[in-house]
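Contents: one structure, followed by commentary.
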Amino acid sequence: MKLLRKILFPIVPIYFFVTWLRNKLYDWKIKKSTSYSLPVVCVGNLSVGGTGKTPMIEYLIRLLKDNNKVAILSRGYKRKTEGFQLADVSATAESIGDEPFQFYSKFKNDVLVAVDSDRRNGIENLNEKQPNIILLDDAFQHRKVKAGLNILLTTYDNPYFKDMVLPTGNLREPQQGAKRADIIVVTKCPETLNASEKVEIIKQIDPKPHQQVFFSSIAYSNTLFSATKSKVLDSLESFTLVTGIANAMPLVNFLNEKQLSFNHLNFKDHYDFTKDNIADLEKKDLIITTEKDFMRLKQYDTLSEKLFYLPITVNIDNPKKFNKIITDFIKH
């Protein structure tokens with residue numbers, strides 16, 4: 001794959017120009033962006049997956065749900081339905097996508113969860129439910145909608161300012177797209193990240209006057225959950241780790257640091273598990289997976305007694321300041 005990406009390098013200037021021109025057409029108002037009086041917060045990235053959008057959305061849900069009627073609008077990547085879909089008791093990972101189904105499963109009594117590849121149409125439909133804030137999941141490049149607040153995520157290990165556009169790099173658009181962000185969060189930082197390292201990263205980001213930079217890290221639970229019970233992670237002797245996410249290395253490193261014994265089955269992001277995959281998993285004694293993968297695997301009754309997921313949360317380095325920016329935006 002890396003070799004193929006290098007071979008495709010001549011396409012990089014073409015991709016760069018096309019995405020640059022598209023953004024300029026919106027900047028010059030030749031293409032129309034729709035604004036809303038309702039507070040709309042966009043959480044996205046410049047790169048293709050793996051920056052921590054799902055735990056960030058969940059962080060915002062927990063921050064806002066007690067005092068607001070929150071709605072989440074996602075594309076519903078790899079779902080088997082079309083158009084606008086509002087999650088209800090019949091929702092599955094196949095009908096709305098694994099990440100939206102995760103939001104609905106965890107917060108269905110607190111938030112509205114909807115999917116629509118046309119974000120404008122999705123917002124218009126959600127407005128009928130009268131939320132007072134909409135969180136757009138992975139919509140930074142969806143410029144038909146002008147969000148009131150844009151949160152851009154980039155990982156510590158592979159920040160956008162050290163990357164290039166597809167197909168050789170991982171960026172969906174040129175680096176200068178970051179200027180549209182109001183908040184830039186460097187995600188998946190090591191807990192040992194010190195102040196001088198943060199200063200150096202901020203220098204490389206070179207934020208505009210309107211931008212605030214934050215740093216976040218992943219916190220893994222020590223409790224595993226199945227559909228009906230829980231286990232303590234440290235008590236496990238051996239297990240099979242199953243991942244279908246963009247970057248499983250932080251999880252693998254965490255489990256290795258705990259000196260746990262496991263075999264890792266690594267699949268591509270949003271992987272559709274086949275009958276053969278499930279038949280193979282049925283032979284395993286204990287399966288640990290991510291919460292997102294659990295949403296796709298829990299439908300198989302033959303795995304129910306052996307399938308557990310490990311929850312994660314986000315820790316932000318200056319939560320009071322970060323939270324205040326979000327809540328002040330909603331108020332004003």
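Residue numbering restarts at 1 in every chain; chains get A, B, ... in the order shown in the structure tokens, and ligands count up from 1 in that same order.
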Original post:
Near region 294-304 of chain A, counting only C-alpha atoms, which residues have an atom at most 12 Å away, once you skip same-chain residues fewer than 3 positions from it, shown as a VMD selection string?
Top reply: chain A and resid 78 to 79 91 to 106 224 to 229 241 to 245 269 to 275 277 to 291 307 to 311
Those residues with C-alpha atoms, as an mmCIF file, in the first residue's frame please?
```
data_model
loop_
_atom_site.group_PDB
_atom_site.id
_atom_site.type_symbol
_atom_site.label_atom_id
_atom_site.label_comp_id
_atom_site.auth_asym_id
_atom_site.auth_seq_id
_atom_site.Cartn_x
_atom_site.Cartn_y
_atom_site.Cartn_z
ATOM 1 C CA LYS A 78 -21.469 2.462 5.019
ATOM 2 C CA ARG A 79 -25.104 2.263 6.141
ATOM 3 C CA ALA A 91 -32.092 1.401 14.460
ATOM 4 C CA THR A 92 -29.073 -0.810 13.759
ATOM 5 C CA ALA A 93 -25.505 -0.279 12.613
ATOM 6 C CA GLU A 94 -26.688 -1.274 9.123
ATOM 7 C CA SER A 95 -29.511 1.262 9.037
ATOM 8 C CA ILE A 96 -27.654 4.319 10.388
ATOM 9 C CA GLY A 97 -23.943 3.356 10.493
ATOM 10 C CA ASP A 98 -21.802 2.095 13.359
ATOM 11 C CA GLU A 99 -20.795 5.430 14.903
ATOM 12 C CA PRO A 100 -24.294 6.995 14.894
ATOM 13 C CA PHE A 101 -25.629 3.712 16.290
ATOM 14 C CA GLN A 102 -23.057 3.984 19.073
ATOM 15 C CA PHE A 103 -24.303 7.499 19.901
ATOM 16 C CA TYR A 104 -27.898 6.323 19.886
ATOM 17 C CA SER A 105 -27.200 3.233 21.976
ATOM 18 C CA LYS A 106 -25.454 5.240 24.687
ATOM 19 C CA LEU A 224 -15.011 -4.295 29.805
ATOM 20 C CA PHE A 225 -18.691 -4.518 28.879
ATOM 21 C CA SER A 226 -20.796 -6.997 26.956
ATOM 22 C CA ALA A 227 -24.496 -6.667 26.200
ATOM 23 C CA THR A 228 -25.337 -8.012 29.656
ATOM 24 C CA LYS A 229 -22.283 -8.065 31.936
ATOM 25 C CA LEU A 241 -8.480 -8.390 20.124
ATOM 26 C CA VAL A 242 -10.648 -7.501 17.113
ATOM 27 C CA THR A 243 -10.402 -4.018 15.597
ATOM 28 C CA GLY A 244 -11.935 -2.447 12.511
ATOM 29 C CA ILE A 245 -10.872 1.157 13.066
ATOM 30 C CA ASP A 269 -11.951 0.922 9.197
ATOM 31 C CA HIS A 270 -15.739 0.309 9.178
ATOM 32 C CA TYR A 271 -15.085 -3.271 8.079
ATOM 33 C CA ASP A 272 -18.100 -5.400 7.130
ATOM 34 C CA PHE A 273 -17.515 -8.711 8.880
ATOM 35 C CA THR A 274 -18.195 -11.704 6.640
ATOM 36 C CA LYS A 275 -19.779 -15.040 7.491
ATOM 37 C CA ASN A 277 -15.057 -13.921 9.891
ATOM 38 C CA ILE A 278 -17.913 -14.631 12.270
ATOM 39 C CA ALA A 279 -17.377 -18.386 12.005
ATOM 40 C CA ASP A 280 -13.725 -17.831 12.946
ATOM 41 C CA LEU A 281 -14.649 -15.597 15.878
ATOM 42 C CA GLU A 282 -17.108 -18.190 17.158
ATOM 43 C CA LYS A 283 -14.105 -20.438 17.845
ATOM 44 C CA LYS A 284 -12.480 -17.868 20.158
ATOM 45 C CA ASP A 285 -12.883 -18.098 23.915
ATOM 46 C CA LEU A 286 -12.942 -14.365 24.635
ATOM 47 C CA ILE A 287 -13.124 -11.409 22.242
ATOM 48 C CA ILE A 288 -12.289 -7.822 23.141
ATOM 49 C CA THR A 289 -13.143 -5.097 20.649
ATOM 50 C CA THR A 290 -13.705 -1.363 20.349
ATOM 51 C CA GLU A 291 -17.074 0.143 21.103
ATOM 52 C CA LEU A 307 -17.863 -10.430 23.078
ATOM 53 C CA PHE A 308 -16.811 -7.410 25.181
ATOM 54 C CA TYR A 309 -15.819 -3.837 24.345
ATOM 55 C CA LEU A 310 -13.437 -1.420 26.031
ATOM 56 C CA PRO A 311 -14.856 2.120 26.399
#
```
Subject >> Members of region 253-313 of chain A assigned helix (DSSP H, G or I) by DSSP, as a PyMOL selection string >> reply: chain A and resi 253-257+275-281+291-297+301-303
**OP:** Return the single residue from A:Pro13, A:Pro319, A:Pro55, A:Pro39 that is closest to Leu166 (chain A), with distances computed using only C-alpha atoms.
**Re:**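 Among the listed residues, A:Pro13 lies closest to Leu166 (chain A).
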Subject >> Counting only C-alpha atoms, the option among A:Thr51, A:Gln175, A:Asn132, A:Ser230 closest to Lys306 (chain A) >> reply: A:Ser230
**OP:** Please measure the separation of CA of Val18 (chain A) and CA of Leu136 (chain A), giving the value in Å to one decimal.
**Re:**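 CA of Val18 (chain A) sits 24.2 Å away from CA of Leu136 (chain A).
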**OP:** Any chance you could list, as a PyMOL selection string, the residues in region 54-289 of chain A that come up strand (DSSP E) when DSSP is run on the backbone?
**Re:** chain A and resi 70-74+85-86+111-115+133-137+149-155+183-187+212-220+223-225+230-232+238-243+261-266+287-289
Would you write out those residues with C-alpha atoms, as an mmCIF file, in the first residue's frame?
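Final file, result32.cif:
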```cif
data_model
loop_
_atom_site.group_PDB
_atom_site.id
_atom_site.type_symbol
_atom_site.label_atom_id
_atom_site.label_comp_id
_atom_site.auth_asym_id
_atom_site.auth_seq_id
_atom_site.Cartn_x
_atom_site.Cartn_y
_atom_site.Cartn_z
ATOM 1 C CA VAL A 70 -28.920 18.100 21.492
ATOM 2 C CA ALA A 71 -29.120 16.617 18.015
ATOM 3 C CA ILE A 72 -26.305 14.783 16.221
ATOM 4 C CA LEU A 73 -26.150 14.632 12.452
ATOM 5 C CA SER A 74 -23.779 12.195 10.728
ATOM 6 C CA GLN A 85 -32.927 8.641 8.863
ATOM 7 C CA LEU A 86 -33.800 9.507 12.459
ATOM 8 C CA VAL A 111 -30.119 13.256 22.280
ATOM 9 C CA LEU A 112 -31.563 13.008 18.798
ATOM 10 C CA VAL A 113 -29.399 11.033 16.368
ATOM 11 C CA ALA A 114 -29.889 11.359 12.617
ATOM 12 C CA VAL A 115 -27.992 10.558 9.427
ATOM 13 C CA ILE A 133 -27.933 22.696 19.129
ATOM 14 C CA ILE A 134 -26.822 20.389 16.324
ATOM 15 C CA LEU A 135 -23.477 18.570 16.376
ATOM 16 C CA LEU A 136 -22.207 17.755 12.884
ATOM 17 C CA ASP A 137 -20.069 14.622 12.889
ATOM 18 C CA LEU A 149 -18.273 26.747 15.353
ATOM 19 C CA ASN A 150 -15.718 24.440 13.733
ATOM 20 C CA ILE A 151 -13.628 22.028 15.809
ATOM 21 C CA LEU A 152 -10.719 20.533 13.864
ATOM 22 C CA LEU A 153 -8.991 17.409 15.183
ATOM 23 C CA THR A 154 -5.459 16.311 14.292
ATOM 24 C CA THR A 155 -3.436 13.543 15.909
ATOM 25 C CA ILE A 183 -10.756 25.307 17.727
ATOM 26 C CA ILE A 184 -7.874 22.965 16.858
ATOM 27 C CA VAL A 185 -7.446 19.933 19.097
ATOM 28 C CA VAL A 186 -4.274 17.840 18.949
ATOM 29 C CA THR A 187 -5.640 14.414 19.878
ATOM 30 C CA GLN A 212 -7.632 28.336 20.064
ATOM 31 C CA VAL A 213 -5.414 25.225 20.334
ATOM 32 C CA PHE A 214 -6.021 22.427 22.838
ATOM 33 C CA PHE A 215 -4.442 19.053 23.530
ATOM 34 C CA SER A 216 -6.287 15.869 24.408
ATOM 35 C CA SER A 217 -5.482 12.291 25.336
ATOM 36 C CA ILE A 218 -7.400 9.033 25.338
ATOM 37 C CA ALA A 219 -8.402 7.434 28.623
ATOM 38 C CA TYR A 220 -9.225 3.735 28.488
ATOM 39 C CA THR A 223 -13.833 -2.345 32.820
ATOM 40 C CA LEU A 224 -15.011 -4.295 29.805
ATOM 41 C CA PHE A 225 -18.691 -4.518 28.879
ATOM 42 C CA SER A 230 -18.846 -6.652 32.668
ATOM 43 C CA LYS A 231 -15.291 -7.828 33.346
ATOM 44 C CA VAL A 232 -12.201 -6.254 34.847
ATOM 45 C CA SER A 238 -5.622 -14.110 27.330
ATOM 46 C CA PHE A 239 -8.048 -12.977 24.647
ATOM 47 C CA THR A 240 -8.489 -12.090 20.979
ATOM 48 C CA LEU A 241 -8.480 -8.390 20.124
ATOM 49 C CA VAL A 242 -10.648 -7.501 17.113
ATOM 50 C CA THR A 243 -10.402 -4.018 15.597
ATOM 51 C CA SER A 261 -1.645 -11.659 26.419
ATOM 52 C CA PHE A 262 -3.714 -11.331 23.250
ATOM 53 C CA ASN A 263 -3.891 -12.115 19.551
ATOM 54 C CA HIS A 264 -4.803 -9.139 17.363
ATOM 55 C CA LEU A 265 -7.121 -9.470 14.360
ATOM 56 C CA ASN A 266 -6.860 -6.119 12.597
ATOM 57 C CA ILE A 287 -13.124 -11.409 22.242
ATOM 58 C CA ILE A 288 -12.289 -7.822 23.141
ATOM 59 C CA THR A 289 -13.143 -5.097 20.649
#
```
